[in-house]
Structures are given as C-alpha cells and as structure tokens.
>>> print(open('start_1.cif').read())   # mmCIF, C-alpha atoms and all ligand atoms
data_upload
#
loop_
_atom_site.label_atom_id
_atom_site.label_comp_id
_atom_site.auth_asym_id
_atom_site.auth_seq_id
_atom_site.Cartn_x
_atom_site.Cartn_y
_atom_site.Cartn_z
CA MET A 102 0.11 -34.79 23.45
CA ILE A 103 0.28 -33.97 27.12
CA TRP A 104 -0.35 -30.53 28.52
CA ARG A 105 2.64 -29.34 30.52
CA GLU A 106 2.82 -26.74 33.25
CA LYS A 107 5.66 -25.03 31.43
CA TYR A 108 3.22 -24.13 28.62
CA ASN A 109 1.35 -21.80 30.95
CA VAL A 110 1.63 -18.12 30.18
CA GLY A 111 0.32 -17.15 33.61
CA VAL A 112 -3.01 -15.73 32.42
CA PRO A 113 -5.70 -18.17 33.62
CA GLU A 114 -8.16 -17.46 30.79
CA ILE A 115 -5.54 -18.03 28.09
CA ASP A 116 -4.02 -21.06 29.81
CA THR A 117 -7.45 -22.69 30.04
CA GLN A 118 -8.03 -22.05 26.34
CA HIS A 119 -4.63 -23.51 25.44
CA GLU A 120 -5.33 -26.59 27.53
CA GLU A 121 -8.70 -27.03 25.81
CA LEU A 122 -7.03 -26.70 22.39
CA PHE A 123 -4.45 -29.32 23.33
CA ALA A 124 -7.17 -31.70 24.53
CA ARG A 125 -9.24 -31.25 21.37
CA VAL A 126 -6.35 -31.61 18.95
CA THR A 127 -5.01 -34.64 20.82
CA ALA A 128 -8.40 -36.38 20.70
CA PHE A 129 -8.66 -35.51 17.02
CA VAL A 130 -5.26 -37.00 16.19
CA GLU A 131 -5.97 -40.11 18.27
CA THR A 132 -9.24 -40.72 16.44
CA LEU A 133 -7.53 -40.30 13.08
CA ARG A 134 -4.80 -42.76 14.06
CA SER A 135 -7.26 -45.34 15.33
CA ASP A 136 -8.24 -48.23 13.09
CA LYS A 137 -11.88 -47.18 12.89
CA GLU A 138 -13.41 -46.85 9.44
CA TRP A 139 -13.03 -43.46 7.81
CA SER A 140 -16.82 -43.10 7.72
CA GLU A 141 -16.84 -43.37 11.52
CA LYS A 142 -14.13 -40.74 11.83
CA VAL A 143 -15.86 -38.20 9.61
CA SER A 144 -18.22 -36.89 12.29
CA GLN A 145 -15.32 -36.06 14.59
CA VAL A 146 -13.45 -34.46 11.73
CA ASN A 147 -16.42 -32.20 11.02
CA GLU A 148 -16.84 -31.39 14.67
CA THR A 149 -13.14 -30.57 15.09
CA LEU A 150 -13.07 -28.36 12.01
CA SER A 151 -15.99 -26.28 13.20
CA PHE A 152 -14.54 -26.13 16.71
CA MET A 153 -11.23 -24.94 15.29
CA LYS A 154 -12.94 -22.25 13.25
CA ASP A 155 -14.91 -20.83 16.18
CA TYR A 156 -12.88 -21.47 19.31
CA VAL A 157 -9.51 -20.62 17.84
CA VAL A 158 -10.74 -17.27 16.56
CA ILE A 159 -12.05 -16.35 20.02
CA HIS A 160 -8.86 -17.58 21.64
CA PHE A 161 -6.68 -15.56 19.26
CA GLN A 162 -8.76 -12.45 19.93
CA ASP A 163 -8.39 -12.90 23.69
CA GLU A 164 -4.67 -13.47 23.38
CA GLU A 165 -4.25 -10.43 21.15
CA ALA A 166 -6.26 -8.30 23.58
CA TYR A 167 -3.91 -9.40 26.36
CA GLN A 168 -0.88 -8.48 24.25
CA ALA A 169 -2.34 -5.03 23.63
CA GLU A 170 -3.05 -4.65 27.34
CA ILE A 171 0.57 -5.28 28.33
CA GLY A 172 2.00 -3.39 25.35
CA TYR A 173 3.69 -6.45 23.87
CA PRO A 174 6.12 -5.11 21.24
CA GLU A 175 5.82 -8.10 18.87
CA ALA A 176 2.03 -8.06 18.81
CA ALA A 177 1.77 -7.31 15.08
CA ALA A 178 4.03 -10.21 14.08
CA HIS A 179 2.17 -12.49 16.46
CA LYS A 180 -1.16 -11.43 14.96
CA LYS A 181 0.17 -12.35 11.52
CA VAL A 182 0.97 -15.87 12.77
CA HIS A 183 -2.58 -16.13 14.13
CA ASN A 184 -4.13 -14.83 10.91
CA ASP A 185 -2.10 -17.26 8.82
CA MET A 186 -3.36 -20.14 10.95
CA VAL A 187 -6.98 -19.02 10.65
CA ALA A 188 -6.52 -18.77 6.87
CA TYR A 189 -4.95 -22.23 6.78
CA VAL A 190 -7.84 -23.81 8.71
CA GLY A 191 -10.27 -22.04 6.35
CA THR A 192 -8.45 -23.31 3.26
CA VAL A 193 -8.32 -26.87 4.55
CA SER A 194 -12.00 -27.01 5.40
CA GLU A 195 -12.90 -25.58 1.99
CA GLN A 196 -10.70 -28.14 0.23
CA TYR A 197 -12.11 -30.85 2.45
CA GLU A 198 -15.65 -30.06 1.34
CA LYS A 199 -14.65 -29.70 -2.30
CA THR A 200 -12.67 -32.92 -2.52
CA GLY A 201 -15.48 -34.93 -0.96
CA TYR A 202 -14.17 -35.42 2.59
CA GLU A 203 -10.84 -36.89 1.73
CA GLU A 204 -8.83 -38.68 4.40
CA VAL A 205 -5.31 -37.85 3.17
CA LEU A 206 -5.98 -34.13 3.39
CA ILE A 207 -7.20 -34.42 6.97
CA GLN A 208 -4.29 -36.65 8.02
CA GLN A 209 -1.89 -33.99 6.75
CA PHE A 210 -3.90 -31.26 8.43
CA ALA A 211 -3.87 -33.06 11.79
CA GLY A 212 -0.11 -33.49 11.68
CA LYS A 213 0.47 -29.85 10.86
CA LEU A 214 -2.01 -28.65 13.42
CA LEU A 215 -0.39 -30.67 16.18
CA ALA A 216 3.11 -29.45 15.31
CA TRP A 217 1.93 -25.86 14.96
CA LEU A 218 0.09 -25.90 18.28
CA ILE A 219 3.02 -27.26 20.27
CA ASN A 220 5.47 -24.90 18.63
CA HIS A 221 3.24 -21.87 18.96
CA VAL A 222 2.21 -22.40 22.56
CA ALA A 223 5.62 -23.56 23.77
CA ALA A 224 7.65 -20.92 21.90
CA ASP A 225 5.74 -17.93 20.47
CA ASP A 226 3.27 -17.62 23.33
CA GLN A 227 6.02 -18.06 25.91
CA LYS A 228 7.62 -14.90 24.56
CA ILE A 229 4.53 -12.99 25.66
CA ALA A 230 4.86 -14.47 29.14
CA ASN A 231 8.56 -13.58 29.25
CA TYR A 232 7.81 -10.02 28.27
CA ALA A 233 5.05 -9.72 30.89
CA ARG A 234 7.40 -11.04 33.60
CA LYS A 235 10.18 -8.69 32.55
CA LYS A 236 7.84 -5.73 32.56
CA GLU A 237 6.49 -6.62 35.97
CA ALA A 238 9.99 -7.01 37.38
CA GLU A 239 10.96 -3.59 36.03
CA GLN A 240 7.90 -2.01 37.60
CA ASN A 241 8.76 -3.52 40.95
CA GLU A 242 12.32 -2.23 40.91
FE FE B 301 -0.59 -17.01 20.08
#
>>> encode(input="start_1.cif", output="structure tokens", more="lines below")
Ligand SMILES: [Fe+2]
Amino acid sequence: MIWREKYNVGVPEIDTQHEELFARVTAFVETLRSDKEWSEKVSQVNETLSFMKDYVVIHFQDEEAYQAEIGYPEAAAHKKVHNDMVAYVGTVSEQYEKTGYEEVLIQQFAGKLLAWLINHVAADDQKIANYARKKEAEQNE
C-alpha cells in the first residue's frame, strides 16, 4: 500500500502519523503474506498489535483535537468511527490471546485493517481537510 500525496490533510503532524500508520500496516500485511513460518511471524504480529493500541489512540486524539480546533461539524460522528476502531483492535487482540495466537484471526484482521485505513484516510479524513479549506476560503473573502 503506497502512501499518496492526495491522502494529506494539510496538517503536518497528522499527515506524518498517517504515513507512519500506512508504513506499519503495509509491513504487517507483507509479513503475513510472506511464506515464512507462522512462528516467525508471531513476533511482528505482537509488535503490530501493541503499536496499533498505543499509536492509534494518540493519533486519534490528535486528530480529534484538530477537529475541535477548527470547529469541524461532524466531529462527533468521526469520533464514533475512531472509537469503534479502537474497540475492534481491542477485541481482536483479546481473542488472539484467548485462542492461542491463531493465524486465521490475524489474517482477517490485517485485511480489515488495511481496507479500513485506506477508506478512512482517503475519505473520512479528507472531509476534515475539505472543511478546513472551505472555512479558510470563507475567512479570506
Ligand atoms: Fe480519522
């Protein structure tokens, strides 16, 4: 999954975080798709899950703070999308521990995560950027 300029929202801090997320998720998916033994993949799975739990939460907080700052009208709905994702990651890592580090679960998770990330960054987050641009244009009128 390649990072594209059009995914930028124009806020350097957030764009850097998005790029980092893309890089991490891409590496994760590539490892899972490789023909290495599952036992070799497990350490990266663990690492990615804990990264997702920490980094994503910080990223979401920063993004939500930015939305509040610009008075983004759909902030509440956007926060719900973030919260649902955090809950999903939490559920998956719990299941993963309970089921004894099962590969099928993680393969499904990786696919969903990748699709969610592209869709969220390229669509939902772009709406924030559009609003910010519109607001700025109105202020400059
Ligand atoms: Fe977002």
>>> residues_around(input="start_1.cif", residues="stretch 218-223 of chain A", least_positions_apart="6", cutoff="8 Å", atoms="only C-alpha atoms", output="JSON, numbers by chain")
{"A": [107, 108, 119, 123]}
>>> residues_around(input="start_1.cif", residues="A:Val205", least_positions_apart="6", cutoff="12 Å", atoms="all atoms listed in the file", output="PDB file with C-alpha atoms, in the frame of the given file")
ATOM      1  CA  LEU A 133      -7.530 -40.300  13.080  1.00  0.00           C
ATOM      2  CA  ARG A 134      -4.800 -42.760  14.060  1.00  0.00           C
ATOM      3  CA  TRP A 139     -13.030 -43.460   7.810  1.00  0.00           C
ATOM      4  CA  VAL A 193      -8.320 -26.870   4.550  1.00  0.00           C
ATOM      5  CA  GLN A 196     -10.700 -28.140   0.230  1.00  0.00           C
ATOM      6  CA  TYR A 197     -12.110 -30.850   2.450  1.00  0.00           C
ATOM      7  CA  ALA A 211      -3.870 -33.060  11.790  1.00  0.00           C
ATOM      8  CA  GLY A 212      -0.110 -33.490  11.680  1.00  0.00           C
TER       9      GLY A 212
END
>>> closest_residue(input="start_1.cif", among="A:Gln240, A:Ala176, A:Leu215, A:Gly201", to="ligand FE 301 (chain B)", atoms="only C-alpha atoms and all ligand atoms")
A:Ala176
>>> residues_near_point(input="start_1.cif", point="(2.5, -18.7, 27.2)", cutoff="10 Å", atoms="all atoms listed in the file", output="list in words")
Lys107, Tyr108, Asn109, Val110, Gly111, Val112, Ile115, Asp116, His119, Glu164, His221, Val222, Ala223, Ala224, Asp225, Asp226, Gln227, Lys228, Ile229, Ala230 and Asn231 of chain A
>>> closest_residue(input="start_1.cif", among="A:Thr200, A:Gln118, A:Thr192, A:Gln145", to="ligand FE 301 (chain B)", atoms="all atoms listed in the file")
A:Gln118
>>> decode(input="start_1.cif", residues="stretch 150-193 of chain A", atoms="N, CA and C atoms", output="PDB file, in the first residue's frame")
ATOM      1  N   LEU A 150       0.272  -5.327  16.997  1.00  0.00           N
ATOM      2  CA  LEU A 150      -0.911  -5.150  17.843  1.00  0.00           C
ATOM      3  C   LEU A 150      -0.657  -4.124  18.944  1.00  0.00           C
ATOM      4  N   SER A 151       0.509  -4.191  19.565  1.00  0.00           N
ATOM      5  CA  SER A 151       0.741  -3.212  20.631  1.00  0.00           C
ATOM      6  C   SER A 151       0.972  -1.823  20.052  1.00  0.00           C
ATOM      7  N   PHE A 152       1.596  -1.752  18.887  1.00  0.00           N
ATOM      8  CA  PHE A 152       1.751  -0.458  18.210  1.00  0.00           C
ATOM      9  C   PHE A 152       0.377   0.140  17.898  1.00  0.00           C
ATOM     10  N   MET A 153      -0.490  -0.682  17.348  1.00  0.00           N
ATOM     11  CA  MET A 153      -1.837  -0.221  16.989  1.00  0.00           C
ATOM     12  C   MET A 153      -2.571   0.315  18.213  1.00  0.00           C
ATOM     13  N   LYS A 154      -2.428  -0.402  19.316  1.00  0.00           N
ATOM     14  CA  LYS A 154      -3.146   0.014  20.530  1.00  0.00           C
ATOM     15  C   LYS A 154      -2.650   1.351  21.063  1.00  0.00           C
ATOM     16  N   ASP A 155      -1.354   1.582  21.001  1.00  0.00           N
ATOM     17  CA  ASP A 155      -0.808   2.835  21.550  1.00  0.00           C
ATOM     18  C   ASP A 155      -0.841   3.982  20.551  1.00  0.00           C
ATOM     19  N   TYR A 156      -0.220   3.767  19.414  1.00  0.00           N
ATOM     20  CA  TYR A 156      -0.037   4.841  18.435  1.00  0.00           C
ATOM     21  C   TYR A 156      -1.362   5.347  17.872  1.00  0.00           C
ATOM     22  N   VAL A 157      -2.242   4.416  17.600  1.00  0.00           N
ATOM     23  CA  VAL A 157      -3.526   4.800  17.009  1.00  0.00           C
ATOM     24  C   VAL A 157      -4.336   5.666  17.974  1.00  0.00           C
ATOM     25  N   VAL A 158      -4.287   5.309  19.250  1.00  0.00           N
ATOM     26  CA  VAL A 158      -5.029   6.089  20.241  1.00  0.00           C
ATOM     27  C   VAL A 158      -4.503   7.528  20.282  1.00  0.00           C
ATOM     28  N   ILE A 159      -3.190   7.678  20.285  1.00  0.00           N
ATOM     29  CA  ILE A 159      -2.584   9.015  20.286  1.00  0.00           C
ATOM     30  C   ILE A 159      -2.954   9.767  19.004  1.00  0.00           C
ATOM     31  N   HIS A 160      -2.847   9.059  17.894  1.00  0.00           N
ATOM     32  CA  HIS A 160      -3.188   9.681  16.610  1.00  0.00           C
ATOM     33  C   HIS A 160      -4.643  10.155  16.586  1.00  0.00           C
ATOM     34  N   PHE A 161      -5.545   9.308  17.048  1.00  0.00           N
ATOM     35  CA  PHE A 161      -6.962   9.684  17.062  1.00  0.00           C
ATOM     36  C   PHE A 161      -7.192  10.906  17.949  1.00  0.00           C
ATOM     37  N   GLN A 162      -6.520  10.927  19.098  1.00  0.00           N
ATOM     38  CA  GLN A 162      -6.660  12.080  19.992  1.00  0.00           C
ATOM     39  C   GLN A 162      -6.183  13.363  19.311  1.00  0.00           C
ATOM     40  N   ASP A 163      -5.048  13.276  18.638  1.00  0.00           N
ATOM     41  CA  ASP A 163      -4.509  14.456  17.948  1.00  0.00           C
ATOM     42  C   ASP A 163      -5.454  14.917  16.843  1.00  0.00           C
ATOM     43  N   GLU A 164      -5.978  13.946  16.126  1.00  0.00           N
ATOM     44  CA  GLU A 164      -6.890  14.283  15.022  1.00  0.00           C
ATOM     45  C   GLU A 164      -8.191  14.889  15.561  1.00  0.00           C
ATOM     46  N   GLU A 165      -8.665  14.355  16.659  1.00  0.00           N
ATOM     47  CA  GLU A 165      -9.891  14.892  17.257  1.00  0.00           C
ATOM     48  C   GLU A 165      -9.664  16.299  17.814  1.00  0.00           C
ATOM     49  N   ALA A 166      -8.477  16.521  18.375  1.00  0.00           N
ATOM     50  CA  ALA A 166      -8.147  17.856  18.894  1.00  0.00           C
ATOM     51  C   ALA A 166      -8.137  18.867  17.738  1.00  0.00           C
ATOM     52  N   TYR A 167      -7.602  18.444  16.616  1.00  0.00           N
ATOM     53  CA  TYR A 167      -7.576  19.324  15.437  1.00  0.00           C
ATOM     54  C   TYR A 167      -8.994  19.639  14.969  1.00  0.00           C
ATOM     55  N   GLN A 168      -9.849  18.633  14.959  1.00  0.00           N
ATOM     56  CA  GLN A 168     -11.248  18.849  14.547  1.00  0.00           C
ATOM     57  C   GLN A 168     -11.945  19.840  15.470  1.00  0.00           C
ATOM     58  N   ALA A 169     -11.669  19.727  16.768  1.00  0.00           N
ATOM     59  CA  ALA A 169     -12.265  20.651  17.738  1.00  0.00           C
ATOM     60  C   ALA A 169     -11.758  22.067  17.480  1.00  0.00           C
ATOM     61  N   GLU A 170     -10.465  22.150  17.185  1.00  0.00           N
ATOM     62  CA  GLU A 170      -9.812  23.445  16.950  1.00  0.00           C
ATOM     63  C   GLU A 170     -10.454  24.191  15.773  1.00  0.00           C
ATOM     64  N   ILE A 171     -10.779  23.469  14.722  1.00  0.00           N
ATOM     65  CA  ILE A 171     -11.347  24.139  13.545  1.00  0.00           C
ATOM     66  C   ILE A 171     -12.876  24.137  13.575  1.00  0.00           C
ATOM     67  N   GLY A 172     -13.455  23.561  14.611  1.00  0.00           N
ATOM     68  CA  GLY A 172     -14.914  23.527  14.721  1.00  0.00           C
ATOM     69  C   GLY A 172     -15.569  22.630  13.684  1.00  0.00           C
ATOM     70  N   TYR A 173     -14.935  21.488  13.434  1.00  0.00           N
ATOM     71  CA  TYR A 173     -15.459  20.550  12.434  1.00  0.00           C
ATOM     72  C   TYR A 173     -16.840  20.046  12.847  1.00  0.00           C
ATOM     73  N   PRO A 174     -17.867  20.266  12.011  1.00  0.00           N
ATOM     74  CA  PRO A 174     -19.232  19.933  12.430  1.00  0.00           C
ATOM     75  C   PRO A 174     -19.527  18.429  12.572  1.00  0.00           C
ATOM     76  N   GLU A 175     -18.744  17.582  11.910  1.00  0.00           N
ATOM     77  CA  GLU A 175     -19.006  16.135  12.017  1.00  0.00           C
ATOM     78  C   GLU A 175     -18.061  15.436  12.988  1.00  0.00           C
ATOM     79  N   ALA A 176     -17.526  16.212  13.918  1.00  0.00           N
ATOM     80  CA  ALA A 176     -16.534  15.659  14.854  1.00  0.00           C
ATOM     81  C   ALA A 176     -17.084  14.487  15.678  1.00  0.00           C
ATOM     82  N   ALA A 177     -18.324  14.586  16.123  1.00  0.00           N
ATOM     83  CA  ALA A 177     -18.890  13.524  16.972  1.00  0.00           C
ATOM     84  C   ALA A 177     -19.002  12.205  16.206  1.00  0.00           C
ATOM     85  N   ALA A 178     -19.480  12.277  14.978  1.00  0.00           N
ATOM     86  CA  ALA A 178     -19.611  11.067  14.155  1.00  0.00           C
ATOM     87  C   ALA A 178     -18.225  10.480  13.860  1.00  0.00           C
ATOM     88  N   HIS A 179     -17.275  11.374  13.628  1.00  0.00           N
ATOM     89  CA  HIS A 179     -15.915  10.922  13.329  1.00  0.00           C
ATOM     90  C   HIS A 179     -15.295  10.231  14.552  1.00  0.00           C
ATOM     91  N   LYS A 180     -15.576  10.798  15.722  1.00  0.00           N
ATOM     92  CA  LYS A 180     -15.067  10.206  16.967  1.00  0.00           C
ATOM     93  C   LYS A 180     -15.628   8.799  17.165  1.00  0.00           C
ATOM     94  N   LYS A 181     -16.888   8.622  16.771  1.00  0.00           N
ATOM     95  CA  LYS A 181     -17.520   7.305  16.890  1.00  0.00           C
ATOM     96  C   LYS A 181     -16.775   6.287  16.017  1.00  0.00           C
ATOM     97  N   VAL A 182     -16.425   6.700  14.801  1.00  0.00           N
ATOM     98  CA  VAL A 182     -15.676   5.818  13.898  1.00  0.00           C
ATOM     99  C   VAL A 182     -14.327   5.430  14.535  1.00  0.00           C
ATOM    100  N   HIS A 183     -13.667   6.424  15.138  1.00  0.00           N
ATOM    101  CA  HIS A 183     -12.396   6.159  15.825  1.00  0.00           C
ATOM    102  C   HIS A 183     -12.601   5.183  16.984  1.00  0.00           C
ATOM    103  N   ASN A 184     -13.615   5.468  17.805  1.00  0.00           N
ATOM    104  CA  ASN A 184     -13.854   4.618  18.983  1.00  0.00           C
ATOM    105  C   ASN A 184     -14.162   3.177  18.584  1.00  0.00           C
ATOM    106  N   ASP A 185     -14.942   3.029  17.508  1.00  0.00           N
ATOM    107  CA  ASP A 185     -15.270   1.688  17.032  1.00  0.00           C
ATOM    108  C   ASP A 185     -14.003   0.932  16.611  1.00  0.00           C
ATOM    109  N   MET A 186     -13.088   1.665  15.986  1.00  0.00           N
ATOM    110  CA  MET A 186     -11.842   1.026  15.544  1.00  0.00           C
ATOM    111  C   MET A 186     -10.994   0.608  16.739  1.00  0.00           C
ATOM    112  N   VAL A 187     -10.903   1.483  17.722  1.00  0.00           N
ATOM    113  CA  VAL A 187     -10.140   1.158  18.939  1.00  0.00           C
ATOM    114  C   VAL A 187     -10.739  -0.080  19.609  1.00  0.00           C
ATOM    115  N   ALA A 188     -12.070  -0.125  19.671  1.00  0.00           N
ATOM    116  CA  ALA A 188     -12.758  -1.269  20.276  1.00  0.00           C
ATOM    117  C   ALA A 188     -12.470  -2.545  19.481  1.00  0.00           C
ATOM    118  N   TYR A 189     -12.485  -2.409  18.163  1.00  0.00           N
ATOM    119  CA  TYR A 189     -12.220  -3.568  17.291  1.00  0.00           C
ATOM    120  C   TYR A 189     -10.806  -4.127  17.514  1.00  0.00           C
ATOM    121  N   VAL A 190      -9.823  -3.230  17.552  1.00  0.00           N
ATOM    122  CA  VAL A 190      -8.441  -3.661  17.788  1.00  0.00           C
ATOM    123  C   VAL A 190      -8.339  -4.348  19.155  1.00  0.00           C
ATOM    124  N   GLY A 191      -9.028  -3.786  20.143  1.00  0.00           N
ATOM    125  CA  GLY A 191      -9.031  -4.376  21.487  1.00  0.00           C
ATOM    126  C   GLY A 191      -9.632  -5.773  21.483  1.00  0.00           C
ATOM    127  N   THR A 192     -10.766  -5.919  20.805  1.00  0.00           N
ATOM    128  CA  THR A 192     -11.437  -7.219  20.731  1.00  0.00           C
ATOM    129  C   THR A 192     -10.551  -8.255  20.048  1.00  0.00           C
ATOM    130  N   VAL A 193      -9.956  -7.854  18.932  1.00  0.00           N
ATOM    131  CA  VAL A 193      -9.103  -8.790  18.193  1.00  0.00           C
ATOM    132  C   VAL A 193      -7.916  -9.234  19.048  1.00  0.00           C
TER     133      VAL A 193
END
